[in-house]
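Data from structure.pdb: PDB, C-alpha atoms
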```
ATOM      1  CA  MET A   1       0.000   0.000   0.000
ATOM      2  CA  LYS A   2       1.138   3.534  -0.738
ATOM      3  CA  ALA A   3       0.055   6.789   0.825
ATOM      4  CA  HIS A   4       0.047   9.922  -1.329
ATOM      5  CA  VAL A   5       0.201  13.058   0.808
ATOM      6  CA  TYR A   6      -0.296  16.540  -0.660
ATOM      7  CA  VAL A   7       0.760  19.551   1.397
ATOM      8  CA  THR A   8      -0.233  23.098   0.437
ATOM      9  CA  LEU A   9      -0.293  26.449   2.157
ATOM     10  CA  LYS A  10      -3.550  27.218   3.927
ATOM     11  CA  ARG A  11      -6.059  29.297   1.977
ATOM     12  CA  THR A  12      -5.614  32.089   4.506
ATOM     13  CA  VAL A  13      -1.855  32.230   3.879
ATOM     14  CA  LEU A  14      -0.432  34.193   0.974
ATOM     15  CA  ASP A  15       1.324  31.904  -1.548
ATOM     16  CA  PRO A  16       3.761  34.172  -3.414
ATOM     17  CA  GLN A  17       5.192  31.259  -5.416
ATOM     18  CA  GLY A  18       1.731  30.197  -6.571
ATOM     19  CA  GLN A  19       0.958  33.805  -7.525
ATOM     20  CA  THR A  20       4.180  34.087  -9.505
ATOM     21  CA  ILE A  21       3.328  30.903 -11.420
ATOM     22  CA  GLN A  22      -0.159  32.218 -12.111
ATOM     23  CA  ASN A  23       1.228  35.537 -13.369
ATOM     24  CA  ALA A  24       3.637  33.656 -15.617
ATOM     25  CA  LEU A  25       0.798  31.537 -17.020
ATOM     26  CA  ARG A  26      -1.211  34.667 -17.746
ATOM     27  CA  LYS A  27       1.733  36.367 -19.466
ATOM     28  CA  MET A  28       2.244  33.251 -21.575
ATOM     29  CA  GLN A  29      -1.440  33.523 -22.486
ATOM     30  CA  TYR A  30      -2.560  30.190 -21.103
ATOM     31  CA  GLN A  31      -6.320  30.303 -20.722
ATOM     32  CA  GLY A  32      -8.814  29.478 -18.021
ATOM     33  CA  VAL A  33      -6.605  29.443 -14.891
ATOM     34  CA  LYS A  34      -8.081  31.404 -12.012
ATOM     35  CA  ASP A  35      -5.601  30.621  -9.226
ATOM     36  CA  VAL A  36      -2.454  28.553  -8.601
ATOM     37  CA  ARG A  37      -1.441  27.130  -5.222
ATOM     38  CA  GLN A  38       1.839  25.276  -5.120
ATOM     39  CA  GLY A  39       2.868  22.683  -2.576
ATOM     40  CA  LYS A  40       4.663  19.445  -1.822
ATOM     41  CA  TYR A  41       3.870  15.863  -2.643
ATOM     42  CA  PHE A  42       5.042  12.869  -0.610
ATOM     43  CA  VAL A  43       4.728   9.173  -1.408
ATOM     44  CA  LEU A  44       4.971   6.901   1.628
ATOM     45  CA  GLU A  45       5.456   3.282   0.776
ATOM     46  CA  LEU A  46       3.905   1.269   3.597
ATOM     47  CA  ASP A  47       5.338  -2.096   4.605
ATOM     48  CA  GLY A  48       1.993  -3.885   4.892
ATOM     49  CA  SER A  49       2.160  -4.434   8.657
ATOM     50  CA  LEU A  50      -0.835  -2.137   9.218
ATOM     51  CA  ASP A  51      -4.413  -2.746   8.129
ATOM     52  CA  ALA A  52      -6.189  -0.001   6.189
ATOM     53  CA  ALA A  53      -7.687   1.714   9.255
ATOM     54  CA  ALA A  54      -4.406   1.686  11.181
ATOM     55  CA  ALA A  55      -2.490   2.850   8.102
ATOM     56  CA  LYS A  56      -4.913   5.717   7.688
ATOM     57  CA  ALA A  57      -4.453   6.778  11.303
ATOM     58  CA  GLU A  58      -0.675   6.523  11.063
ATOM     59  CA  VAL A  59      -0.472   8.506   7.807
ATOM     60  CA  GLU A  60      -2.652  11.228   9.321
ATOM     61  CA  ARG A  61      -0.389  11.361  12.364
ATOM     62  CA  ILE A  62       2.744  11.605  10.183
ATOM     63  CA  ALA A  63       1.175  14.323   8.027
ATOM     64  CA  LYS A  64       0.093  16.337  11.075
ATOM     65  CA  ASP A  65       3.237  15.930  13.183
ATOM     66  CA  VAL A  66       5.983  16.002  10.569
ATOM     67  CA  LEU A  67       5.017  16.709   6.966
ATOM     68  CA  THR A  68       3.108  19.926   7.665
ATOM     69  CA  ASN A  69       3.547  22.973   9.808
ATOM     70  CA  PRO A  70      -0.050  23.433  10.984
ATOM     71  CA  VAL A  71       0.485  27.182  11.406
ATOM     72  CA  ILE A  72       0.727  27.702   7.646
ATOM     73  CA  GLU A  73       0.008  24.414   5.877
ATOM     74  CA  GLU A  74      -2.747  21.872   5.373
ATOM     75  CA  PHE A  75      -2.763  18.432   3.751
ATOM     76  CA  THR A  76      -4.876  15.935   1.889
ATOM     77  CA  TYR A  77      -3.959  12.315   1.272
ATOM     78  CA  LYS A  78      -5.120   9.137  -0.356
ATOM     79  CA  LEU A  79      -4.190   5.515   0.193
ATOM     80  CA  GLU A  80      -3.480   3.372  -2.822
ATOM     81  CA  GLU A  81      -4.386  -0.258  -2.167
ATOM     82  CA  GLY A  82      -2.206  -3.047  -3.499
ATOM     83  CA  ALA A  83       0.428  -0.698  -4.827
TER      84      ALA A  83
ATOM     85  CA  MET B   1      27.911  31.515  33.576
ATOM     86  CA  LYS B   2      28.247  29.264  30.553
ATOM     87  CA  PHE B   3      26.794  29.683  27.065
ATOM     88  CA  GLY B   4      25.995  26.742  24.817
ATOM     89  CA  VAL B   5      25.879  27.037  21.021
ATOM     90  CA  LEU B   6      23.837  24.297  19.346
ATOM     91  CA  VAL B   7      25.400  22.710  16.264
ATOM     92  CA  PHE B   8      23.212  20.871  13.760
ATOM     93  CA  PRO B   9      24.449  19.296  10.553
ATOM     94  CA  GLY B  10      24.186  22.360   8.301
ATOM     95  CA  SER B  11      24.544  25.078  10.959
ATOM     96  CA  ASN B  12      26.935  27.679   9.564
ATOM     97  CA  CYS B  13      26.847  30.564  12.041
ATOM     98  CA  ASP B  14      27.819  28.400  15.001
ATOM     99  CA  HIS B  15      31.425  29.618  14.956
ATOM    100  CA  ASP B  16      30.430  33.271  14.490
ATOM    101  CA  THR B  17      28.160  32.994  17.500
ATOM    102  CA  TYR B  18      30.754  31.102  19.547
ATOM    103  CA  ASN B  19      33.346  33.742  18.642
ATOM    104  CA  VAL B  20      31.178  36.609  19.915
ATOM    105  CA  ILE B  21      30.798  34.940  23.302
ATOM    106  CA  SER B  22      34.400  33.768  23.689
ATOM    107  CA  GLU B  23      36.285  36.706  22.139
ATOM    108  CA  ILE B  24      34.058  39.731  22.662
ATOM    109  CA  ALA B  25      31.874  38.918  25.669
ATOM    110  CA  LYS B  26      34.779  36.859  27.079
ATOM    111  CA  GLN B  27      32.476  34.353  28.726
ATOM    112  CA  PRO B  28      32.718  30.561  28.912
ATOM    113  CA  VAL B  29      31.055  28.930  25.931
ATOM    114  CA  THR B  30      30.752  25.424  24.560
ATOM    115  CA  MET B  31      29.406  23.815  21.402
ATOM    116  CA  LEU B  32      26.529  21.358  21.830
ATOM    117  CA  TRP B  33      26.182  18.807  19.007
ATOM    118  CA  HIS B  34      22.638  18.019  17.846
ATOM    119  CA  ASP B  35      22.636  14.532  19.365
ATOM    120  CA  SER B  36      24.016  15.729  22.688
ATOM    121  CA  PRO B  37      21.986  14.046  25.456
ATOM    122  CA  ASN B  38      22.059  17.143  27.702
ATOM    123  CA  LEU B  39      23.011  20.807  27.787
ATOM    124  CA  GLU B  40      26.204  20.342  29.870
ATOM    125  CA  ASN B  41      24.872  22.688  32.565
ATOM    126  CA  CYS B  42      24.819  25.701  30.271
ATOM    127  CA  ASP B  43      23.068  28.803  31.595
ATOM    128  CA  ALA B  44      22.034  30.162  28.197
ATOM    129  CA  ILE B  45      21.455  28.487  24.849
ATOM    130  CA  LEU B  46      22.166  30.048  21.463
ATOM    131  CA  VAL B  47      20.543  28.462  18.411
ATOM    132  CA  PRO B  48      22.653  29.712  15.506
ATOM    133  CA  GLY B  49      21.859  30.427  11.877
ATOM    134  CA  GLY B  50      22.483  28.167   8.940
ATOM    135  CA  PHE B  51      20.594  25.398   7.210
ATOM    136  CA  ALA B  52      20.044  22.728   9.867
ATOM    137  CA  TYR B  53      19.549  19.357   8.170
ATOM    138  CA  GLY B  54      19.774  21.155   4.820
ATOM    139  CA  ASP B  55      16.406  22.862   5.490
ATOM    140  CA  TYR B  56      14.901  19.635   4.130
ATOM    141  CA  LEU B  57      11.117  19.371   4.391
ATOM    142  CA  ARG B  58      10.839  22.887   5.883
ATOM    143  CA  THR B  59      13.333  25.170   7.590
ATOM    144  CA  GLY B  60      13.808  23.852  11.117
ATOM    145  CA  ALA B  61      11.403  20.949  10.587
ATOM    146  CA  ILE B  62      13.882  18.114  11.140
ATOM    147  CA  ALA B  63      16.027  19.948  13.677
ATOM    148  CA  ARG B  64      13.175  20.122  16.146
ATOM    149  CA  PHE B  65      13.214  16.319  16.537
ATOM    150  CA  SER B  66      16.928  16.152  17.405
ATOM    151  CA  PRO B  67      17.881  14.957  20.912
ATOM    152  CA  VAL B  68      19.409  18.279  21.944
ATOM    153  CA  MET B  69      16.127  20.073  21.198
ATOM    154  CA  GLN B  70      14.296  17.878  23.696
ATOM    155  CA  SER B  71      16.691  19.218  26.363
ATOM    156  CA  VAL B  72      16.261  22.771  25.082
ATOM    157  CA  LYS B  73      12.473  22.461  25.398
ATOM    158  CA  LYS B  74      12.821  21.396  29.025
ATOM    159  CA  PHE B  75      15.413  24.112  29.688
ATOM    160  CA  ALA B  76      13.120  26.783  28.214
ATOM    161  CA  ALA B  77      10.116  25.493  30.153
ATOM    162  CA  ASP B  78      12.160  25.919  33.351
ATOM    163  CA  GLY B  79      12.873  29.549  32.447
ATOM    164  CA  GLY B  80      16.284  29.058  30.792
ATOM    165  CA  VAL B  81      17.372  31.825  28.433
ATOM    166  CA  VAL B  82      17.343  30.811  24.752
ATOM    167  CA  LEU B  83      18.215  32.996  21.756
ATOM    168  CA  GLY B  84      17.457  31.728  18.246
ATOM    169  CA  ILE B  85      19.025  33.609  15.363
ATOM    170  CA  CYS B  86      17.754  33.258  11.780
ATOM    171  CA  ASN B  87      17.575  29.488  11.191
ATOM    172  CA  GLY B  88      17.584  29.269  15.000
ATOM    173  CA  PHE B  89      14.351  31.321  15.045
ATOM    174  CA  GLN B  90      12.860  28.992  12.416
ATOM    175  CA  ILE B  91      13.814  25.966  14.533
ATOM    176  CA  LEU B  92      12.253  27.488  17.675
ATOM    177  CA  THR B  93       8.942  28.125  15.884
ATOM    178  CA  GLU B  94       8.903  24.590  14.464
ATOM    179  CA  ALA B  95       9.632  23.255  17.947
ATOM    180  CA  GLY B  96       6.658  25.172  19.317
ATOM    181  CA  LEU B  97       8.819  27.276  21.635
ATOM    182  CA  LEU B  98       7.691  30.391  19.783
ATOM    183  CA  PRO B  99       4.352  31.009  18.043
ATOM    184  CA  GLY B 100       3.833  31.557  14.320
ATOM    185  CA  ALA B 101       5.991  30.504  11.387
ATOM    186  CA  LEU B 102       8.561  31.888   8.960
ATOM    187  CA  MET B 103       7.545  31.647   5.331
ATOM    188  CA  ARG B 104       9.297  32.280   2.045
ATOM    189  CA  ASN B 105      10.171  35.993   1.677
ATOM    190  CA  ALA B 106       7.377  37.927  -0.023
ATOM    191  CA  GLY B 107       9.738  38.854  -2.867
ATOM    192  CA  LEU B 108      10.830  35.184  -3.244
ATOM    193  CA  LYS B 109      14.481  36.185  -3.081
ATOM    194  CA  TYR B 110      17.261  35.414  -0.661
ATOM    195  CA  ILE B 111      18.095  38.743   0.980
ATOM    196  CA  CYS B 112      21.486  39.517   2.493
ATOM    197  CA  ARG B 113      21.937  43.109   3.615
ATOM    198  CA  GLN B 114      22.006  45.517   6.535
ATOM    199  CA  VAL B 115      18.604  46.408   7.951
ATOM    200  CA  TYR B 116      17.436  48.592  10.802
ATOM    201  CA  LEU B 117      15.480  47.296  13.758
ATOM    202  CA  ARG B 118      13.508  49.303  16.261
ATOM    203  CA  THR B 119      13.645  48.019  19.819
ATOM    204  CA  GLU B 120      10.046  47.594  20.929
ATOM    205  CA  THR B 121      10.573  46.386  24.490
ATOM    206  CA  THR B 122      13.398  46.353  26.996
ATOM    207  CA  ASN B 123      11.593  44.079  29.432
ATOM    208  CA  THR B 124      13.597  41.028  28.321
ATOM    209  CA  PRO B 125      16.913  39.370  29.202
ATOM    210  CA  PHE B 126      18.020  40.220  25.636
ATOM    211  CA  THR B 127      17.369  43.957  25.488
ATOM    212  CA  GLY B 128      17.923  45.130  29.069
ATOM    213  CA  THR B 129      20.773  47.475  28.105
ATOM    214  CA  LEU B 130      18.820  49.029  25.229
ATOM    215  CA  LYS B 131      16.327  51.878  25.245
ATOM    216  CA  LYS B 132      12.794  51.478  23.971
ATOM    217  CA  GLY B 133      12.673  52.875  20.441
ATOM    218  CA  GLU B 134      16.428  52.527  19.963
ATOM    219  CA  VAL B 135      17.356  51.637  16.382
ATOM    220  CA  LEU B 136      19.948  48.929  15.726
ATOM    221  CA  LYS B 137      21.760  48.263  12.467
ATOM    222  CA  ILE B 138      21.974  44.493  12.061
ATOM    223  CA  PRO B 139      22.211  42.394   8.865
ATOM    224  CA  ILE B 140      19.771  39.793   7.630
ATOM    225  CA  GLY B 141      20.617  36.837   5.388
ATOM    226  CA  HIS B 142      17.610  34.643   4.682
ATOM    227  CA  MET B 143      15.170  33.191   2.184
ATOM    228  CA  ASP B 144      12.416  32.342   4.684
ATOM    229  CA  GLY B 145      12.018  35.242   7.081
ATOM    230  CA  ASN B 146       8.473  36.304   6.371
ATOM    231  CA  TYR B 147       6.866  36.062   9.813
ATOM    232  CA  VAL B 148       3.227  34.977   9.911
ATOM    233  CA  CYS B 149       0.791  34.090  12.670
ATOM    234  CA  ASP B 150      -2.965  34.175  13.082
ATOM    235  CA  ALA B 151      -4.797  37.312  14.240
ATOM    236  CA  GLU B 152      -5.277  35.903  17.733
ATOM    237  CA  THR B 153      -1.551  35.225  18.177
ATOM    238  CA  LEU B 154      -0.651  38.676  16.857
ATOM    239  CA  ALA B 155      -3.077  40.292  19.291
ATOM    240  CA  ALA B 156      -1.515  38.318  22.173
ATOM    241  CA  LEU B 157       2.033  39.278  21.091
ATOM    242  CA  GLU B 158       1.066  42.942  21.007
ATOM    243  CA  ARG B 159      -0.956  42.877  24.208
ATOM    244  CA  ASP B 160       1.796  41.103  26.172
ATOM    245  CA  ASP B 161       4.622  43.296  24.835
ATOM    246  CA  ARG B 162       6.303  40.268  23.225
ATOM    247  CA  ILE B 163       7.343  41.863  19.930
ATOM    248  CA  VAL B 164      10.985  42.726  20.587
ATOM    249  CA  PHE B 165      12.158  44.081  17.216
ATOM    250  CA  ARG B 166      10.428  45.467  14.133
ATOM    251  CA  TYR B 167      12.065  46.297  10.813
ATOM    252  CA  SER B 168      12.273  50.076  10.570
ATOM    253  CA  THR B 169      13.979  52.890   8.720
ATOM    254  CA  ALA B 170      17.261  54.260  10.088
ATOM    255  CA  GLN B 171      15.119  56.870  11.860
ATOM    256  CA  GLY B 172      12.992  54.207  13.539
ATOM    257  CA  GLU B 173       9.934  54.583  11.359
ATOM    258  CA  ILE B 174       7.921  51.400  10.790
ATOM    259  CA  SER B 175       6.898  51.401   7.131
ATOM    260  CA  PRO B 176       6.255  48.895   4.338
ATOM    261  CA  GLU B 177       9.435  50.148   2.625
ATOM    262  CA  ALA B 178      11.464  49.192   5.685
ATOM    263  CA  ASN B 179      10.055  45.653   5.630
ATOM    264  CA  PRO B 180      12.524  43.455   3.727
ATOM    265  CA  ASN B 181      10.585  40.207   3.617
ATOM    266  CA  GLY B 182       6.861  40.850   4.049
ATOM    267  CA  SER B 183       6.755  40.002   7.765
ATOM    268  CA  LEU B 184       3.446  40.644   9.473
ATOM    269  CA  GLY B 185       3.614  44.005  11.283
ATOM    270  CA  ASN B 186       7.313  44.331  10.286
ATOM    271  CA  ILE B 187       8.075  41.749  12.993
ATOM    272  CA  ALA B 188      11.760  40.817  13.184
ATOM    273  CA  GLY B 189      11.876  39.188  16.620
ATOM    274  CA  ILE B 190       9.451  37.854  19.229
ATOM    275  CA  LEU B 191       9.410  36.408  22.732
ATOM    276  CA  ASN B 192       7.635  33.392  24.194
ATOM    277  CA  GLU B 193       5.089  33.865  26.969
ATOM    278  CA  GLY B 194       7.722  33.382  29.657
ATOM    279  CA  ARG B 195       9.894  36.129  28.042
ATOM    280  CA  ASN B 196      12.970  33.847  28.267
ATOM    281  CA  VAL B 197      13.030  32.727  24.616
ATOM    282  CA  LEU B 198      13.757  35.191  21.808
ATOM    283  CA  GLY B 199      13.732  34.373  18.114
ATOM    284  CA  MET B 200      14.980  36.914  15.582
ATOM    285  CA  MET B 201      15.783  36.766  11.875
ATOM    286  CA  PRO B 202      18.548  39.433  11.835
ATOM    287  CA  HIS B 203      22.056  38.380  12.828
ATOM    288  CA  PRO B 204      23.502  40.001  15.963
ATOM    289  CA  ASP B 205      26.346  37.466  15.607
ATOM    290  CA  ARG B 206      27.327  39.176  12.314
ATOM    291  CA  SER B 207      27.223  42.647  13.847
ATOM    292  CA  SER B 208      29.115  42.418  17.095
ATOM    293  CA  GLU B 209      32.327  44.135  15.961
ATOM    294  CA  SER B 210      32.622  47.497  14.205
ATOM    295  CA  LEU B 211      35.004  45.824  11.748
ATOM    296  CA  LEU B 212      31.946  44.001  10.383
ATOM    297  CA  GLY B 213      30.067  47.236   9.655
ATOM    298  CA  SER B 214      28.149  47.437  12.919
ATOM    299  CA  ALA B 215      28.619  46.448  16.522
ATOM    300  CA  ASP B 216      24.958  47.026  17.378
ATOM    301  CA  GLY B 217      24.226  43.295  17.567
ATOM    302  CA  TYR B 218      26.578  42.976  20.496
ATOM    303  CA  ARG B 219      24.129  44.993  22.603
ATOM    304  CA  ILE B 220      21.893  41.914  22.628
ATOM    305  CA  PHE B 221      24.648  39.575  23.837
ATOM    306  CA  ALA B 222      25.791  42.184  26.384
ATOM    307  CA  SER B 223      22.226  42.390  27.696
ATOM    308  CA  MET B 224      22.150  38.600  28.037
ATOM    309  CA  VAL B 225      25.425  38.565  29.964
ATOM    310  CA  LEU B 226      24.128  41.262  32.317
ATOM    311  CA  ALA B 227      20.809  39.464  32.846
ATOM    312  CA  LEU B 228      22.609  36.190  33.595
ATOM    313  CA  GLN B 229      25.007  37.905  36.014
ATOM    314  CA  GLN B 230      22.078  39.455  37.864
ATOM    315  CA  ASN B 231      20.396  36.078  37.924
ATOM    316  CA  GLU B 232      23.555  34.423  39.273
ATOM    317  CA  SER B 233      23.868  36.958  42.058
ATOM    318  CA  ARG B 234      20.326  36.043  43.099
ATOM    319  CA  SER B 235      20.779  32.284  42.806
ATOM    320  CA  PRO B 236      20.762  30.235  46.034
ATOM    321  CA  ALA B 237      24.326  28.941  45.509
ATOM    322  CA  VAL B 238      25.764  32.455  45.272
ATOM    323  CA  GLN B 239      23.719  33.700  48.213
ATOM    324  CA  GLU B 240      24.968  30.762  50.245
ATOM    325  CA  VAL B 241      28.577  31.673  49.453
ATOM    326  CA  ALA B 242      27.886  35.344  50.160
ATOM    327  CA  ALA B 243      26.359  34.485  53.540
ATOM    328  CA  ARG B 244      29.520  32.712  54.759
TER     329      ARG B 244
END
```

Take the structure in the file and give it back as structure tokens.
Amino acid sequence: MKAHVYVTLKRTVLDPQGQTIQNALRKMQYQGVKDVRQGKYFVLELDGSLDAAAAKAEVERIAKDVLTNPVIEEFTYKLEEGA
Amino acid sequence: MKFGVLVFPGSNCDHDTYNVISEIAKQPVTMLWHDSPNLENCDAILVPGGFAYGDYLRTGAIARFSPVMQSVKKFAADGGVVLGICNGFQILTEAGLLPGALMRNAGLKYICRQVYLRTETTNTPFTGTLKKGEVLKIPIGHMDGNYVCDAETLAALERDDRIVFRYSTAQGEISPEANPNGSLGNIAGILNEGRNVLGMMPHPDRSSESLLGSADGYRIFASMVLALQQNESRSPAVQEVAAR
């Protein structure tokens, strides 16, 4: 099983890198993009010792305690079965 | 009185900081490696600048889990004096010893230049020899110095007089032009609730000798030495000796 964890800045926090990318897209005349938020992507390869519920709890704990700074960041994740 | 300078893999201002204490303040000082199991009875801890653990994940994010930081947390909780400079400030926020976080500079550039700081409070072990409103010339050198916190935290910092330095003009005016990195309220340095932990982005370690362009940073170390001496003269061990 693999866990895919996506970390981005909170909506309430200014993302100057995302804004710069968006400005660049606009200058290059790409169409239809309203906003860009940039972030980090982690793939955790799990060793199979945890069942799905325990893996979920552990990934959430890792994301909260280590992968994000809760002052400025938030995360989403998904578990990929059998990967 | 003994100072301890933390050394993480990737710290690069550890020797500058050590040098200020040993050569200018002329006080005992020791280096404390990141996996040190204790603080070797130091009376003050300096968390130097640099790129601890390569700034991997986030600045300060890995450093906060190192063994020495567990001792620093206990030391700070007991009222021990801790100064975090630049990356040291980032580590202290990640460790939860100081509120808020330091984000990428608003201009997305690494900035290395002299800035001016206005002293906002002297009720600290770090600014006791300064005057309120006094302007210090101290350099910054960082990519992630843009201080942020939520409105509630900012209100508490202001209410409790815990903002120690703000970026200002040479005349002490707080303006957007004087803000190098986009920090909320021009904040350059803050205290914890106990007032014994200070984190600041500018480098007093790089401005403690006039040869370096400014000796203003030394005022902070001098204040620490004075505060620790006063504390020592009040400590039970010294009083016991004095009573003999």

Give me the result of the PyMOL selection byres ((chain B and resi 19) around 12) on this file, residue by residue, as a CSV table (one decimal) with C-alpha atoms, in the coordinates of the input.
```csv
chain,number,residue,atom,x,y,z
B,3,PHE,CA,26.8,29.7,27.1
B,4,GLY,CA,26.0,26.7,24.8
B,5,VAL,CA,25.9,27.0,21.0
B,13,CYS,CA,26.8,30.6,12.0
B,14,ASP,CA,27.8,28.4,15.0
B,15,HIS,CA,31.4,29.6,15.0
B,16,ASP,CA,30.4,33.3,14.5
B,17,THR,CA,28.2,33.0,17.5
B,18,TYR,CA,30.8,31.1,19.5
B,20,VAL,CA,31.2,36.6,19.9
B,21,ILE,CA,30.8,34.9,23.3
B,22,SER,CA,34.4,33.8,23.7
B,23,GLU,CA,36.3,36.7,22.1
B,24,ILE,CA,34.1,39.7,22.7
B,25,ALA,CA,31.9,38.9,25.7
B,26,LYS,CA,34.8,36.9,27.1
B,27,GLN,CA,32.5,34.4,28.7
B,28,PRO,CA,32.7,30.6,28.9
B,29,VAL,CA,31.1,28.9,25.9
B,30,THR,CA,30.8,25.4,24.6
B,31,MET,CA,29.4,23.8,21.4
B,48,PRO,CA,22.7,29.7,15.5
B,204,PRO,CA,23.5,40.0,16.0
B,205,ASP,CA,26.3,37.5,15.6
B,206,ARG,CA,27.3,39.2,12.3
B,207,SER,CA,27.2,42.6,13.8
B,208,SER,CA,29.1,42.4,17.1
B,209,GLU,CA,32.3,44.1,16.0
B,218,TYR,CA,26.6,43.0,20.5
B,221,PHE,CA,24.6,39.6,23.8
```

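What the ChimeraX specification (/B :<10) & /A picks from this file is A:Leu9, A:Thr12, A:Val13, A:Leu14, A:Asp15, A:Pro16, A:Gln17, A:Thr20, A:Lys40, A:Asp65, A:Val66, A:Leu67, A:Thr68, A:Asn69, A:Pro70, A:Val71, A:Ile72.
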
Separation of CA of Ala95 in chain B and CA of Gln230 in chain B, in Å?
28.5 Å

If the PyMOL selection byres ((chain A and resi 63) around 9) were run on this exact file, what residues would it hold? Put them as a PyMOL selection string.
chain A and resi 5+7+58-62+64-68+74-77

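Among the candidates B:Met200, B:Ala215, B:Val225, B:Leu184, the one nearest to Leu136 in chain B when counting all atoms listed in the file is B:Ala215.
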
Padded axis-aligned box of range 54-68 of chain A (8 Å per side), centre and edge lengths, Å, one decimal, as JSON:
```
{"center_x": 0.5, "center_y": 10.8, "center_z": 10.1, "size_x": 26.9, "size_y": 34.2, "size_z": 22.2}
```

Quick one, how far is CA of Thr121 in chain B from CA of Ala188 in chain B?
12.7 Å

Residues around (7.6, 2.8, 1.8), cut-off 10 Å, counting all atoms listed in the file - what are they as a CSV table (one decimal) with C-alpha atoms, keeping the file's coordinate frame?
```csv
chain,number,residue,atom,x,y,z
A,1,MET,CA,0.0,0.0,0.0
A,2,LYS,CA,1.1,3.5,-0.7
A,3,ALA,CA,0.1,6.8,0.8
A,43,VAL,CA,4.7,9.2,-1.4
A,44,LEU,CA,5.0,6.9,1.6
A,45,GLU,CA,5.5,3.3,0.8
A,46,LEU,CA,3.9,1.3,3.6
A,47,ASP,CA,5.3,-2.1,4.6
A,48,GLY,CA,2.0,-3.9,4.9
```

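Interatomic distance, CA of Ala155 in chain B to CA of Gly182 in chain B: 18.2 Å.
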
Counting only C-alpha atoms, find the residues whose atoms lie at most 8 Å from (22.2, 29.6, 24.9) (file coordinates) and write them out as an mmCIF file with C-alpha atoms, keeping the file's coordinate frame.
```cif
data_model
loop_
_atom_site.group_PDB
_atom_site.id
_atom_site.type_symbol
_atom_site.label_atom_id
_atom_site.label_comp_id
_atom_site.auth_asym_id
_atom_site.auth_seq_id
_atom_site.Cartn_x
_atom_site.Cartn_y
_atom_site.Cartn_z
ATOM 1 C CA PHE B 3 26.794 29.683 27.065
ATOM 2 C CA GLY B 4 25.995 26.742 24.817
ATOM 3 C CA VAL B 5 25.879 27.037 21.021
ATOM 4 C CA LEU B 6 23.837 24.297 19.346
ATOM 5 C CA CYS B 42 24.819 25.701 30.271
ATOM 6 C CA ASP B 43 23.068 28.803 31.595
ATOM 7 C CA ALA B 44 22.034 30.162 28.197
ATOM 8 C CA ILE B 45 21.455 28.487 24.849
ATOM 9 C CA LEU B 46 22.166 30.048 21.463
ATOM 10 C CA VAL B 47 20.543 28.462 18.411
ATOM 11 C CA VAL B 81 17.372 31.825 28.433
ATOM 12 C CA VAL B 82 17.343 30.811 24.752
ATOM 13 C CA LEU B 83 18.215 32.996 21.756
#
```

Quick one: residues within 9 Å of Ser36 in chain B, all atoms listed in the file, excluding same-chain residues fewer than 5 positions away - as JSON, numbers by chain?
{"B": [66, 67, 68, 71]}

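If you count all atoms listed in the file and ignore residues fewer than 3 places along the chain from range 167-171 of chain B, what sits within 7 Å of it is Tyr116, Leu117, Arg118, Val135, Ile174, Ser175, Ala178, Asn179, Asn186, Ile187 and Ala188 of chain B.
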
Excluding range 7-9 of chain B and residues on its chain fewer than 2 positions from it, collect all residues at most 6 Å away from it, counting only C-alpha atoms, and give them as an mmCIF file with C-alpha atoms, in the frame of the given file.
```cif
data_model
loop_
_atom_site.group_PDB
_atom_site.id
_atom_site.type_symbol
_atom_site.label_atom_id
_atom_site.label_comp_id
_atom_site.auth_asym_id
_atom_site.auth_seq_id
_atom_site.Cartn_x
_atom_site.Cartn_y
_atom_site.Cartn_z
ATOM 1 C CA SER B 11 24.544 25.078 10.959
ATOM 2 C CA LEU B 32 26.529 21.358 21.830
ATOM 3 C CA TRP B 33 26.182 18.807 19.007
ATOM 4 C CA HIS B 34 22.638 18.019 17.846
ATOM 5 C CA ALA B 52 20.044 22.728 9.867
ATOM 6 C CA TYR B 53 19.549 19.357 8.170
#
```
